>>> print(open('structure_33.cif').read())   # mmCIF, C-alpha atoms
data_model
#
loop_
_atom_site.label_atom_id
_atom_site.label_comp_id
_atom_site.auth_asym_id
_atom_site.auth_seq_id
_atom_site.Cartn_x
_atom_site.Cartn_y
_atom_site.Cartn_z
CA MET C 899 32.63 -11.97 -33.10
CA ALA C 900 32.88 -8.31 -33.80
CA GLY C 901 34.31 -8.54 -37.24
CA ALA C 902 36.04 -10.60 -39.86
CA ALA C 903 39.00 -12.82 -39.29
CA PRO C 904 42.03 -11.08 -37.83
CA GLN C 905 44.21 -9.44 -40.42
CA GLU C 906 47.88 -10.08 -40.59
CA HIS C 907 50.26 -7.18 -40.56
CA THR C 908 51.11 -6.47 -44.14
CA GLY C 909 53.11 -3.64 -45.44
CA ARG C 910 55.31 -0.95 -44.00
CA SER C 911 52.64 1.30 -42.55
CA GLY C 912 52.78 -0.46 -39.16
CA LYS C 913 49.11 -0.06 -38.47
CA LYS C 914 47.41 -2.46 -36.08
CA PRO C 915 44.15 -4.11 -37.06
CA LEU C 916 41.01 -2.29 -35.85
CA ASP C 917 38.85 -5.34 -35.29
CA ALA C 918 38.66 -6.51 -31.69
CA GLU C 919 36.79 -9.41 -30.19
CA LEU C 920 34.33 -8.46 -27.44
CA ASN C 921 33.56 -10.86 -24.64
CA LEU C 922 29.77 -10.53 -24.17
CA VAL C 923 29.42 -13.12 -21.39
CA PRO C 924 29.79 -10.60 -18.50
CA PHE C 925 27.17 -8.32 -20.07
CA ILE C 926 24.74 -11.22 -20.47
CA ASP C 927 25.37 -12.26 -16.85
CA LEU C 928 24.67 -8.72 -15.64
CA LEU C 929 21.51 -8.49 -17.72
CA SER C 930 20.19 -11.83 -16.43
CA CYS C 931 20.86 -10.75 -12.82
CA CYS C 932 18.99 -7.47 -13.38
CA ILE C 933 16.01 -9.24 -14.93
CA SER C 934 15.90 -11.77 -12.06
CA PHE C 935 16.04 -8.98 -9.48
CA LEU C 936 13.23 -7.05 -11.16
CA LEU C 937 11.00 -10.12 -11.41
CA ILE C 938 11.54 -11.02 -7.76
CA THR C 939 10.91 -7.50 -6.41
CA ALA C 940 7.81 -6.94 -8.56
CA VAL C 941 5.83 -9.18 -6.20
CA TRP C 942 6.83 -7.15 -3.14
CA THR C 943 5.02 -4.09 -4.41
CA GLN C 944 1.72 -5.98 -4.27
CA ILE C 945 2.37 -7.59 -0.89
CA ALA C 946 3.27 -4.37 0.93
CA GLY C 947 0.31 -2.33 -0.32
CA LEU C 948 -2.84 -1.54 1.64
CA GLN C 949 -6.07 -1.78 -0.29
CA VAL C 950 -7.84 1.43 0.72
CA ALA C 951 -9.98 3.80 -1.27
CA SER C 952 -9.10 7.46 -1.56
CA SER C 953 -11.68 10.17 -1.03
CA GLY C 954 -9.72 12.82 -2.94
CA GLY C 955 -12.10 12.95 -5.89
CA PRO C 956 -15.83 13.17 -6.25
CA PRO C 957 -17.68 10.20 -4.81
CA GLU C 958 -18.76 7.54 -7.23
CA PRO C 959 -22.48 6.91 -7.27
CA GLN C 960 -23.21 3.63 -5.54
CA PRO C 961 -26.57 2.09 -4.86
CA LYS C 962 -27.59 2.55 -1.23
CA GLN C 963 -28.28 -0.59 0.70
CA GLU C 964 -30.88 -0.58 3.40
CA SER C 965 -28.90 -2.74 5.83
CA THR C 966 -25.76 -0.59 5.98
CA ILE C 967 -25.05 2.76 7.58
CA GLU C 968 -22.32 5.33 7.23
CA VAL C 969 -19.61 4.64 9.79
CA ARG C 970 -16.82 7.15 10.42
CA LEU C 971 -13.87 6.68 12.73
CA LEU C 972 -12.05 9.84 13.75
CA LEU C 973 -8.51 9.67 15.13
CA ASN C 974 -7.32 12.62 17.20
CA ASP C 975 -5.11 13.44 20.19
CA LYS C 976 -7.80 12.26 22.64
CA GLY C 977 -8.36 8.87 21.04
CA TYR C 978 -10.98 7.36 18.76
CA GLN C 979 -14.40 8.78 18.02
CA LEU C 980 -16.73 6.29 16.34
CA MET C 981 -19.66 8.00 14.61
CA MET C 982 -22.57 6.10 13.10
CA ALA C 983 -26.26 6.79 12.48
CA GLY C 984 -26.21 10.11 14.34
CA ALA C 985 -24.63 8.57 17.46
CA SER C 986 -21.09 9.12 18.65
CA LEU C 987 -18.92 6.89 20.83
CA ASP C 988 -15.64 8.11 22.32
CA ILE C 989 -12.82 5.64 22.98
CA PRO C 990 -10.13 7.54 24.91
CA LYS C 991 -6.43 6.74 24.70
CA LEU C 992 -5.11 4.13 27.08
CA ASN C 993 -1.64 4.76 28.59
CA GLY C 994 -0.85 7.34 25.92
CA GLY C 995 -1.73 5.03 23.01
CA PHE C 996 -4.82 4.23 21.04
CA ASP C 997 -7.06 1.56 22.64
CA ARG C 998 -7.31 -0.87 19.73
CA ARG C 999 -8.78 -3.67 21.83
CA THR C 1000 -11.85 -1.61 22.77
CA LEU C 1001 -12.13 -0.41 19.16
CA ALA C 1002 -12.07 -4.03 17.96
CA GLU C 1003 -14.83 -4.94 20.43
CA LYS C 1004 -17.03 -2.04 19.28
CA LEU C 1005 -16.47 -2.88 15.61
CA LYS C 1006 -17.25 -6.54 16.31
CA THR C 1007 -20.52 -5.46 17.98
CA LEU C 1008 -21.31 -3.29 14.96
CA LYS C 1009 -20.57 -6.17 12.58
CA THR C 1010 -22.79 -8.60 14.50
CA SER C 1011 -25.69 -6.13 14.55
CA LEU C 1012 -25.22 -5.25 10.85
CA PRO C 1013 -23.70 -8.29 9.07
CA ASP C 1014 -23.90 -6.61 5.64
CA GLN C 1015 -21.83 -3.62 6.84
CA SER C 1016 -18.44 -3.64 5.11
CA ALA C 1017 -17.63 0.08 4.74
CA ILE C 1018 -15.91 2.41 7.18
CA THR C 1019 -14.28 5.80 6.71
CA VAL C 1020 -11.16 6.48 8.79
CA GLN C 1021 -10.42 10.18 9.30
CA PRO C 1022 -7.10 10.91 11.05
CA GLU C 1023 -6.06 14.38 12.13
CA ASP C 1024 -2.71 15.74 10.99
CA THR C 1025 -1.09 15.04 14.37
CA VAL C 1026 -1.80 11.28 14.23
CA ALA C 1027 1.22 9.11 13.42
CA TYR C 1028 1.13 7.07 10.24
CA ALA C 1029 1.80 3.85 12.16
CA ASP C 1030 -1.32 4.45 14.26
CA LEU C 1031 -3.35 4.99 11.08
CA VAL C 1032 -2.09 1.73 9.55
CA GLU C 1033 -2.79 -0.24 12.73
CA THR C 1034 -6.29 1.24 12.91
CA VAL C 1035 -6.98 0.23 9.30
CA ASP C 1036 -5.67 -3.27 10.10
CA THR C 1037 -7.99 -3.45 13.12
CA ALA C 1038 -10.99 -2.45 10.99
CA MET C 1039 -10.10 -4.99 8.31
CA GLY C 1040 -9.60 -7.65 10.99
CA GLU C 1041 -13.22 -7.13 12.02
CA GLN C 1042 -14.44 -7.89 8.48
CA LEU C 1043 -14.89 -4.24 7.43
CA ARG C 1044 -13.16 -4.67 4.07
CA ASN C 1045 -14.15 -1.42 2.35
CA VAL C 1046 -11.90 1.01 4.25
CA THR C 1047 -11.67 4.61 3.04
CA VAL C 1048 -9.06 7.01 4.40
CA ALA C 1049 -10.20 10.63 4.32
CA PRO C 1050 -8.84 13.82 5.88
CA ALA C 1051 -10.50 14.99 9.09
CA ASN C 1052 -12.98 17.84 8.71
#
>>> encode(input="structure_33.cif", output="structure tokens")
Amino acid sequence: MAGAAPQEHTGRSGKKPLDAELNLVPFIDLLSCCISFLLITAVWTQIAGLQVASSGGPPEPQPKQESTIEVRLLLNDKGYQLMMAGASLDIPKLNGGFDRRTLAEKLKTLKTSLPDQSAITVQPEDTVAYADLVETVDTAMGEQLRNVTVAPAN
């Protein structure tokens, strides 16, 4: 494979031939395993991702709809604070944890009163655990609020 036909030892110099045959089958096997692994794990990156918008940059101009309002959900040490249309609703923690059931009920009430509402901004404080943030986003998305934006608390 790697060269011409093997040369016979001729002469008194006693040199060995330099051509050697390489077995490429293990390299091909390794390459095919690596390609298979990369193709299989490429799907996991899309499954494990949350589809949320970032508020790090300037806001994009969007046409305002009459039937929607700005809804913000603050997460802090005391619990949830749901702010919408100038009103504020506090949902205190229950047994040291966030009361997601009450939050789901309030978001369901909001969704039934405003069926076109699909946007909510979640603003966690620095002390809120990441798992609580993810579960809150899941709760909001479970109540058909699909346009979830995560922003830092003011």
>>> resolve_selection(input="structure_33.cif", expression="the PyMOL selection byres ((chain C and resi 1023) around 12)", output="PyMOL selection string")
chain C and resi 971-979+1020-1022+1024-1028+1030-1031+1048-1052
>>> atom_distance(input="structure_33.cif", atom1="atom CA of C:Ala983", atom2="atom CA of C:Val969")
7.5 Å
>>> resolve_selection(input="structure_33.cif", expression="the PyMOL selection byres ((chain C and resi 1034-1038) around 8)", output="list in words")
Arg998, Leu1001, Ala1002, Leu1005, Ile1018, Val1020, Asp1030, Leu1031, Val1032, Glu1033, Met1039, Gly1040, Glu1041, Gln1042, Leu1043, Arg1044 and Val1046 of chain C
>>> resolve_selection(input="structure_33.cif", expression="the PyMOL selection byres ((chain C and resi 1012) around 12)", output="count of residues only")
22
>>> atom_distance(input="structure_33.cif", atom1="atom CA of C:Val941", atom2="atom CA of C:Pro924")
27.0 Å
>>> atom_distance(input="structure_33.cif", atom1="atom CA of C:Leu928", atom2="atom CA of C:Leu916")
26.8 Å
>>> closest_residue(input="structure_33.cif", among="C:Ile926, C:Ala1029, C:Asn1045, C:Lys1004", to="C:Ile989", atoms="only C-alpha atoms")
C:Lys1004
>>> closest_residue(input="structure_33.cif", among="C:Asn993, C:Phe925, C:Thr1019, C:Thr1000", to="C:Met981", atoms="all atoms listed in the file")
C:Thr1019
>>> decode(input="structure_33.cif", residues="stretch 986-1025 of chain C", atoms="N, CA and C atoms", output="PDB file, in the first residue's frame")
ATOM      1  N   SER C 986     -49.389  45.239  40.783  1.00  0.00           N
ATOM      2  CA  SER C 986     -48.389  44.302  41.269  1.00  0.00           C
ATOM      3  C   SER C 986     -49.063  43.250  42.137  1.00  0.00           C
ATOM      4  N   LEU C 987     -48.660  42.007  41.970  1.00  0.00           N
ATOM      5  CA  LEU C 987     -49.213  40.901  42.736  1.00  0.00           C
ATOM      6  C   LEU C 987     -48.055  40.114  43.334  1.00  0.00           C
ATOM      7  N   ASP C 988     -48.045  39.995  44.658  1.00  0.00           N
ATOM      8  CA  ASP C 988     -46.992  39.245  45.347  1.00  0.00           C
ATOM      9  C   ASP C 988     -47.452  37.810  45.576  1.00  0.00           C
ATOM     10  N   ILE C 989     -46.569  36.861  45.267  1.00  0.00           N
ATOM     11  CA  ILE C 989     -46.798  35.445  45.537  1.00  0.00           C
ATOM     12  C   ILE C 989     -45.656  34.999  46.443  1.00  0.00           C
ATOM     13  N   PRO C 990     -45.896  34.940  47.762  1.00  0.00           N
ATOM     14  CA  PRO C 990     -44.797  34.608  48.681  1.00  0.00           C
ATOM     15  C   PRO C 990     -44.366  33.150  48.546  1.00  0.00           C
ATOM     16  N   LYS C 991     -43.165  32.871  49.056  1.00  0.00           N
ATOM     17  CA  LYS C 991     -42.650  31.503  49.037  1.00  0.00           C
ATOM     18  C   LYS C 991     -43.507  30.620  49.936  1.00  0.00           C
ATOM     19  N   LEU C 992     -43.564  29.362  49.568  1.00  0.00           N
ATOM     20  CA  LEU C 992     -44.350  28.388  50.311  1.00  0.00           C
ATOM     21  C   LEU C 992     -43.407  27.299  50.802  1.00  0.00           C
ATOM     22  N   ASN C 993     -43.260  27.164  52.116  1.00  0.00           N
ATOM     23  CA  ASN C 993     -42.355  26.184  52.730  1.00  0.00           C
ATOM     24  C   ASN C 993     -40.918  26.347  52.232  1.00  0.00           C
ATOM     25  N   GLY C 994     -40.465  27.570  52.094  1.00  0.00           N
ATOM     26  CA  GLY C 994     -39.098  27.853  51.695  1.00  0.00           C
ATOM     27  C   GLY C 994     -38.828  27.759  50.208  1.00  0.00           C
ATOM     28  N   GLY C 995     -39.829  27.404  49.411  1.00  0.00           N
ATOM     29  CA  GLY C 995     -39.660  27.284  47.963  1.00  0.00           C
ATOM     30  C   GLY C 995     -40.659  28.154  47.231  1.00  0.00           C
ATOM     31  N   PHE C 996     -40.401  28.360  45.957  1.00  0.00           N
ATOM     32  CA  PHE C 996     -41.298  29.179  45.160  1.00  0.00           C
ATOM     33  C   PHE C 996     -42.619  28.453  44.935  1.00  0.00           C
ATOM     34  N   ASP C 997     -43.732  29.183  45.020  1.00  0.00           N
ATOM     35  CA  ASP C 997     -45.072  28.627  44.875  1.00  0.00           C
ATOM     36  C   ASP C 997     -45.452  28.633  43.398  1.00  0.00           C
ATOM     37  N   ARG C 998     -45.039  27.591  42.676  1.00  0.00           N
ATOM     38  CA  ARG C 998     -45.272  27.536  41.238  1.00  0.00           C
ATOM     39  C   ARG C 998     -46.728  27.263  40.898  1.00  0.00           C
ATOM     40  N   ARG C 999     -47.442  26.576  41.781  1.00  0.00           N
ATOM     41  CA  ARG C 999     -48.845  26.275  41.523  1.00  0.00           C
ATOM     42  C   ARG C 999     -49.676  27.557  41.497  1.00  0.00           C
ATOM     43  N   THR C1000     -49.461  28.443  42.470  1.00  0.00           N
ATOM     44  CA  THR C1000     -50.178  29.719  42.487  1.00  0.00           C
ATOM     45  C   THR C1000     -49.774  30.573  41.299  1.00  0.00           C
ATOM     46  N   LEU C1001     -48.474  30.558  40.952  1.00  0.00           N
ATOM     47  CA  LEU C1001     -48.014  31.303  39.787  1.00  0.00           C
ATOM     48  C   LEU C1001     -48.702  30.795  38.530  1.00  0.00           C
ATOM     49  N   ALA C1002     -48.822  29.484  38.379  1.00  0.00           N
ATOM     50  CA  ALA C1002     -49.477  28.906  37.203  1.00  0.00           C
ATOM     51  C   ALA C1002     -50.944  29.335  37.141  1.00  0.00           C
ATOM     52  N   GLU C1003     -51.607  29.376  38.289  1.00  0.00           N
ATOM     53  CA  GLU C1003     -53.012  29.816  38.312  1.00  0.00           C
ATOM     54  C   GLU C1003     -53.134  31.278  37.892  1.00  0.00           C
ATOM     55  N   LYS C1004     -52.254  32.133  38.374  1.00  0.00           N
ATOM     56  CA  LYS C1004     -52.313  33.556  38.024  1.00  0.00           C
ATOM     57  C   LYS C1004     -51.996  33.768  36.549  1.00  0.00           C
ATOM     58  N   LEU C1005     -51.031  33.018  36.025  1.00  0.00           N
ATOM     59  CA  LEU C1005     -50.700  33.136  34.603  1.00  0.00           C
ATOM     60  C   LEU C1005     -51.823  32.589  33.731  1.00  0.00           C
ATOM     61  N   LYS C1006     -52.507  31.544  34.200  1.00  0.00           N
ATOM     62  CA  LYS C1006     -53.643  31.010  33.458  1.00  0.00           C
ATOM     63  C   LYS C1006     -54.773  32.032  33.427  1.00  0.00           C
ATOM     64  N   THR C1007     -55.006  32.730  34.550  1.00  0.00           N
ATOM     65  CA  THR C1007     -56.015  33.784  34.596  1.00  0.00           C
ATOM     66  C   THR C1007     -55.657  34.908  33.642  1.00  0.00           C
ATOM     67  N   LEU C1008     -54.371  35.281  33.619  1.00  0.00           N
ATOM     68  CA  LEU C1008     -53.905  36.316  32.698  1.00  0.00           C
ATOM     69  C   LEU C1008     -54.127  35.888  31.254  1.00  0.00           C
ATOM     70  N   LYS C1009     -53.827  34.634  30.938  1.00  0.00           N
ATOM     71  CA  LYS C1009     -53.946  34.145  29.569  1.00  0.00           C
ATOM     72  C   LYS C1009     -55.411  34.069  29.135  1.00  0.00           C
ATOM     73  N   THR C1010     -56.313  33.744  30.049  1.00  0.00           N
ATOM     74  CA  THR C1010     -57.723  33.696  29.669  1.00  0.00           C
ATOM     75  C   THR C1010     -58.292  35.101  29.477  1.00  0.00           C
ATOM     76  N   SER C1011     -57.803  36.067  30.247  1.00  0.00           N
ATOM     77  CA  SER C1011     -58.297  37.439  30.077  1.00  0.00           C
ATOM     78  C   SER C1011     -57.669  38.109  28.857  1.00  0.00           C
ATOM     79  N   LEU C1012     -56.442  37.757  28.520  1.00  0.00           N
ATOM     80  CA  LEU C1012     -55.756  38.294  27.339  1.00  0.00           C
ATOM     81  C   LEU C1012     -55.248  37.121  26.491  1.00  0.00           C
ATOM     82  N   PRO C1013     -56.068  36.565  25.617  1.00  0.00           N
ATOM     83  CA  PRO C1013     -55.637  35.378  24.853  1.00  0.00           C
ATOM     84  C   PRO C1013     -54.491  35.645  23.880  1.00  0.00           C
ATOM     85  N   ASP C1014     -54.306  36.904  23.458  1.00  0.00           N
ATOM     86  CA  ASP C1014     -53.212  37.218  22.539  1.00  0.00           C
ATOM     87  C   ASP C1014     -51.883  37.434  23.250  1.00  0.00           C
ATOM     88  N   GLN C1015     -51.883  37.453  24.573  1.00  0.00           N
ATOM     89  CA  GLN C1015     -50.664  37.687  25.353  1.00  0.00           C
ATOM     90  C   GLN C1015     -49.754  36.477  25.234  1.00  0.00           C
ATOM     91  N   SER C1016     -48.537  36.684  24.756  1.00  0.00           N
ATOM     92  CA  SER C1016     -47.578  35.583  24.650  1.00  0.00           C
ATOM     93  C   SER C1016     -46.204  35.966  25.179  1.00  0.00           C
ATOM     94  N   ALA C1017     -46.046  37.207  25.661  1.00  0.00           N
ATOM     95  CA  ALA C1017     -44.735  37.676  26.110  1.00  0.00           C
ATOM     96  C   ALA C1017     -44.727  37.892  27.613  1.00  0.00           C
ATOM     97  N   ILE C1018     -43.611  37.499  28.224  1.00  0.00           N
ATOM     98  CA  ILE C1018     -43.383  37.739  29.645  1.00  0.00           C
ATOM     99  C   ILE C1018     -41.881  37.919  29.837  1.00  0.00           C
ATOM    100  N   THR C1019     -41.526  38.823  30.746  1.00  0.00           N
ATOM    101  CA  THR C1019     -40.128  39.053  31.077  1.00  0.00           C
ATOM    102  C   THR C1019     -39.878  38.534  32.489  1.00  0.00           C
ATOM    103  N   VAL C1020     -38.951  37.609  32.625  1.00  0.00           N
ATOM    104  CA  VAL C1020     -38.595  37.042  33.925  1.00  0.00           C
ATOM    105  C   VAL C1020     -37.319  37.723  34.387  1.00  0.00           C
ATOM    106  N   GLN C1021     -37.360  38.307  35.592  1.00  0.00           N
ATOM    107  CA  GLN C1021     -36.217  39.042  36.126  1.00  0.00           C
ATOM    108  C   GLN C1021     -35.810  38.448  37.478  1.00  0.00           C
ATOM    109  N   PRO C1022     -34.824  37.542  37.488  1.00  0.00           N
ATOM    110  CA  PRO C1022     -34.370  36.975  38.762  1.00  0.00           C
ATOM    111  C   PRO C1022     -33.294  37.854  39.403  1.00  0.00           C
ATOM    112  N   GLU C1023     -33.288  37.870  40.726  1.00  0.00           N
ATOM    113  CA  GLU C1023     -32.187  38.519  41.433  1.00  0.00           C
ATOM    114  C   GLU C1023     -30.994  37.584  41.436  1.00  0.00           C
ATOM    115  N   ASP C1024     -29.845  38.111  41.842  1.00  0.00           N
ATOM    116  CA  ASP C1024     -28.616  37.314  41.824  1.00  0.00           C
ATOM    117  C   ASP C1024     -28.657  36.142  42.794  1.00  0.00           C
ATOM    118  N   THR C1025     -29.454  36.223  43.843  1.00  0.00           N
ATOM    119  CA  THR C1025     -29.491  35.174  44.854  1.00  0.00           C
ATOM    120  C   THR C1025     -30.386  33.999  44.469  1.00  0.00           C
TER     121      THR C1025
END
